[in-house]
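Peer 1: Here it is: the structure, laid out below.
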Amino acid sequence: MPTGAAQTKPSPHVQRKRRKRRAEILHAALRAFRTKGYHATTLDDIADDLGVRKTALYHYFPDKETILYECHREALGEIKRLMKEAQKLDTAEERLAHVIQEHVRVMTDTLEGSPLAFEVPALSGRRQAQVIAARDRYEGELRQIIDDGIKSKEFRPVDSKLAAFAILGAINWIARWYQPEGPLQGSELGAEFADYLVGGLSNARACDEIPDEMESSS
């Protein structure tokens with residue numbers, strides 16, 4: 001005899017529709033956060049973007065903070081995935097370039113240029129702590145890639161903490177100027193950032209740029 005829970009479980013088709021609608025709400029919120037900022041954005045703004053009534057949002061999210069938190073979770077899930085991909089690559093330079101390119105893609109495509117990194121204080125205690133902990137783990141993994149590159153002599157001997165902060169600061173700042181409708185595509189921007197940021201650490205590039213007269217006098 002089927003239980004009540006089994007009888008009321010949504011069909012796969014309904015579940016797919018709900019997942020799609022949920023994603024649409026999150027991306028409408030991201031667009032609103034980008035143009036108006038989190039605090040100035042209302043649920044009415046998000047609903048208007050989707051062409052629905054505000055009450056329709058309550059079937060998926062109880063309030064605006066939950067929407068912000070779920071946007072963070074989506075982005076952090078992408079970050080976790082790209083870091084796993086990077087660990088499969090052979091060299092520190094390849095790993096760091098992949099992380100930078102994919103992180104830029106998350107900023108420009110997944111988050112549509114929305115400044116979520118600057119909105120963490122808007123989250124309540126437990127949610128804020130979870131996001132900060134995940135962000136700290138990512139920073140630690142990024143520093144480890146840099147340290148590995150220093151040990152393998154792919155990178156110059158630098159302070160890996162400062163290097164990681166510089167990389168994350170440059171990527172997070174994209175949200176302050178990036179326009180999804182502009183001429184720059186996320187993949188192109190990611191490749192440019194990887195070239196600049198990995199190149200700035202590269203031991204080989206630093207050696208190549210030593211003037212001939214300095215080499216001859218040493």
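As shown in the structure tokens, the chain order sets the letters A, B, ...; within each chain, residues go from 1, and ligands are also counted from 1 in the order they appear.
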Fewer than 4 positions away in the same chain doesn't count, so skip those; otherwise give me all residues within 8 Å of Tyr178 in chain A, counting only C-alpha atoms, as number ranges by chain.

Peer 2: A: 108, 113, 174, 182

Peer 1: Take the residues just selected and output them with C-alpha atoms as a PDB file, in the first residue's frame.

Peer 2:
```pdb
ATOM      1  CA  THR A 108      30.463  36.777 -15.613  1.00  0.00           C
ATOM      2  CA  GLY A 113      28.385  40.136 -12.951  1.00  0.00           C
ATOM      3  CA  ILE A 174      34.892  42.416 -12.034  1.00  0.00           C
ATOM      4  CA  GLY A 182      29.027  44.580 -23.333  1.00  0.00           C
TER       5      GLY A 182
END
```

Peer 1: Would you mind listing, for every residue of range 100-162 of chain A within 12 Å of range 57-64 of chain A, the two atoms forming the shortest contact and the distance between them in Å to one decimal, using only C-alpha atoms, sorted by chain and ascending residue number, as CSV?

Peer 2:
```
residue,atom,partner,partner_atom,distance
A:Ala122,CA,A:Lys64,CA,10.3
A:Leu123,CA,A:Lys64,CA,10.1
A:Ser124,CA,A:Lys64,CA,11.8
```

Peer 1: Could you write out the selected residues, including C-alpha atoms, as a short mmCIF file (atom, residue, chain, number, x, y, z; two decimals), in the first residue's frame?

Peer 2:
```cif
data_model
loop_
_atom_site.label_atom_id
_atom_site.label_comp_id
_atom_site.auth_asym_id
_atom_site.auth_seq_id
_atom_site.Cartn_x
_atom_site.Cartn_y
_atom_site.Cartn_z
CA ALA A 122 23.82 40.84 4.55
CA LEU A 123 23.48 37.17 5.50
CA SER A 124 22.42 36.15 9.01
#
```

Peer 1: So, with only C-alpha atoms as the atoms that count, which of A:Ala28, A:Ala56, A:Leu76, A:Ile100 lies closest to Ile132 in chain A?

Peer 2: A:Leu76

Peer 1: At what distance in Å, to one decimal, does CA of Ala166 in chain A lie from CA of Gly125 in chain A?

Peer 2: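 A separation of 27.2 Å between them.
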
Peer 1: Find the residue from A:Val52, A:Leu26, A:Ala97, A:Leu168 that sits nearest to Glu65 in chain A; use only C-alpha atoms when measuring.

Peer 2: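 Of all the options, A:Leu26 lies closest to Glu65 in chain A.
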